[in-house]
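A short worksheet on the structure shown next.
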Amino acid sequence: MISDVIKPGLDVLFCGINPGLVSEATGHHFARPGNRFWPALHLSGFTPRLFAPAEQEELLALGLGITNVVARPSAKADELTIDEVKAGGLELTEKVERYSPKVLAVLGVTVYRAAFGRKKAQVGPQVDLIGGARVWVLPNPSGLNAHWQLPALGEEFGRLKASL
């Protein structure tokens, strides 16, 4: 299992769907080559330079953290069951209550809809709070999500950064 990058009082807790197999093997979030999480963080101004997955702990000093809705690794997110995703949503709510980030940024509108029963949710800020934190849904940065190209991902991450 891959460890969360988390501490109390973060500005933003980024929440992926679940770890991929490369992340599980390396112990680093968003480690698969082609995942655009790290480039999007940099393009948006969250990080002063492009971080490598192995530098994930350096995010804490910037007020940023990483967790996942579901802890179980898989090759693709569609291998998860709806029950796993819903249970992950409950665990994530408890985690947010415990660590009190200002914003929970869920990386994937589909997983957000499924985990929290928000069938009509769209990318962007949400009206609901989760565990007391503001919620912002970002596009899934996986290279498999061809609908969102890197410039648009960086722009969407930047909208969140500008809201802080």
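Note on naming: chains are A, B, ... as they come in the structure tokens, residues start from 1 per chain, ligands start from 1 in the order shown.
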
- Task: Using only C-alpha atoms, determine which residues lie at most 7 Å from Arg134 of chain A, disregarding the query and same-chain residues fewer than 3 positions distant; provide the list as number ranges by chain.
- Result: A: 102-104, 129-130

Within 9 Å of Lys76 of chain A, counting only C-alpha atoms, which residues show up once you throw out same-chain ones fewer than 5 positions away? Write them as a short mmCIF file (atom, residue, chain, number, x, y, z; two decimals) with N, CA, C and O atoms, in the first residue's frame, please.
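That gives us result37.cif:
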data_model
loop_
_atom_site.label_atom_id
_atom_site.label_comp_id
_atom_site.auth_asym_id
_atom_site.auth_seq_id
_atom_site.Cartn_x
_atom_site.Cartn_y
_atom_site.Cartn_z
N ASN A 18 -7.08 5.96 -7.18
CA ASN A 18 -6.38 4.89 -6.49
C ASN A 18 -4.99 4.78 -7.10
O ASN A 18 -4.76 5.27 -8.21
N GLY A 20 -1.86 3.50 -9.12
CA GLY A 20 -1.59 2.59 -10.24
C GLY A 20 -0.50 1.61 -9.84
O GLY A 20 0.10 1.70 -8.77
N LEU A 21 -0.22 0.68 -10.73
CA LEU A 21 0.76 -0.36 -10.41
C LEU A 21 2.18 0.19 -10.31
O LEU A 21 2.98 -0.27 -9.50
N LEU A 144 -4.30 8.29 -19.52
CA LEU A 144 -5.43 7.60 -20.16
C LEU A 144 -6.61 8.54 -20.38
O LEU A 144 -7.51 8.23 -21.14
#

- Using DSSP on the backbone, list every residue of chain A that comes out as helix (DSSP H, G or I), and give them as a PyMOL selection string. chain A and resi 21-26+37-43+53-62+77-79+82-99+109-116+150-163

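Residue nearest Thr67 of chain A within the list A:Leu150, A:Leu164, A:Ile6, A:Val135: A:Ile6 [criterion: smallest interatomic distance, only C-alpha atoms].
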
- Residues of chain A in strand (DSSP E or B), written as a VMD selection string: chain A and resid 5 12 to 16 64 to 68 103 to 107 124 to 130 133 to 138

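Across A:Val69, A:Leu62, A:Ala31, A:Ile82, the tightest approach to Gly9 of chain A is made by A:Leu62 when counting only C-alpha atoms.
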
- Would you list the contacts of Glu79 of chain A as JSON, numbers by chain, taking every protein, DNA or RNA residue within 12 Å and counting only C-alpha atoms, but skipping same-chain residues closer than 6 positions in sequence? {"A": [17, 18, 19, 20, 70, 72, 73, 85]}

Just all heavy atoms for this one: save the residues we selected as a short mmCIF file (atom, residue, chain, number, x, y, z; two decimals), in the first residue's frame.
data_model
loop_
_atom_site.label_atom_id
_atom_site.label_comp_id
_atom_site.auth_asym_id
_atom_site.auth_seq_id
_atom_site.Cartn_x
_atom_site.Cartn_y
_atom_site.Cartn_z
N ILE A 17 -7.71 8.77 -7.58
CA ILE A 17 -8.71 7.70 -7.54
C ILE A 17 -8.18 6.54 -6.72
O ILE A 17 -8.74 6.15 -5.71
CB ILE A 17 -9.09 7.26 -8.97
CG1 ILE A 17 -9.68 8.44 -9.75
CG2 ILE A 17 -10.07 6.08 -8.91
CD1 ILE A 17 -9.85 8.18 -11.23
N ASN A 18 -7.08 5.96 -7.18
CA ASN A 18 -6.38 4.89 -6.49
C ASN A 18 -4.99 4.78 -7.10
O ASN A 18 -4.76 5.27 -8.21
CB ASN A 18 -7.14 3.56 -6.58
CG ASN A 18 -7.07 2.92 -7.95
OD1 ASN A 18 -7.33 3.58 -8.96
ND2 ASN A 18 -6.74 1.65 -7.99
N PRO A 19 -4.05 4.17 -6.40
CA PRO A 19 -2.69 4.06 -6.95
C PRO A 19 -2.66 3.12 -8.16
O PRO A 19 -3.33 2.08 -8.17
CB PRO A 19 -1.87 3.46 -5.81
CG PRO A 19 -2.71 3.59 -4.58
CD PRO A 19 -4.13 3.63 -5.04
N GLY A 20 -1.86 3.50 -9.12
CA GLY A 20 -1.59 2.59 -10.24
C GLY A 20 -0.50 1.61 -9.84
O GLY A 20 0.10 1.70 -8.77
N VAL A 70 -9.47 5.29 -3.00
CA VAL A 70 -9.34 3.86 -2.73
C VAL A 70 -7.85 3.54 -2.62
O VAL A 70 -7.06 3.95 -3.47
CB VAL A 70 -9.99 3.02 -3.85
CG1 VAL A 70 -9.78 1.53 -3.63
CG2 VAL A 70 -11.49 3.34 -3.95
N ARG A 72 -6.47 0.47 -2.72
CA ARG A 72 -6.05 -0.71 -3.48
C ARG A 72 -5.51 -0.31 -4.85
O ARG A 72 -6.21 0.34 -5.64
CB ARG A 72 -7.24 -1.66 -3.67
CG ARG A 72 -6.86 -2.94 -4.45
CD ARG A 72 -8.02 -3.91 -4.50
NE ARG A 72 -9.12 -3.49 -5.34
CZ ARG A 72 -9.21 -3.69 -6.66
NH1 ARG A 72 -8.22 -4.26 -7.31
NH2 ARG A 72 -10.28 -3.29 -7.32
N PRO A 73 -4.28 -0.72 -5.17
CA PRO A 73 -3.73 -0.44 -6.49
C PRO A 73 -4.40 -1.27 -7.58
O PRO A 73 -4.89 -2.38 -7.32
CB PRO A 73 -2.26 -0.84 -6.38
CG PRO A 73 -2.00 -1.05 -4.92
CD PRO A 73 -3.31 -1.37 -4.29
N VAL A 85 -15.42 2.26 -4.03
CA VAL A 85 -15.39 3.72 -4.21
C VAL A 85 -16.24 4.41 -3.14
O VAL A 85 -15.82 5.40 -2.54
CB VAL A 85 -15.81 4.10 -5.64
CG1 VAL A 85 -15.96 5.60 -5.79
CG2 VAL A 85 -14.81 3.56 -6.65
#

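Compared by their closest atoms to Lys86 of chain A, and using only C-alpha atoms, the residues A:Ala115, A:Ala25, A:Ile66, A:Val5 rank with A:Ala115 nearest.
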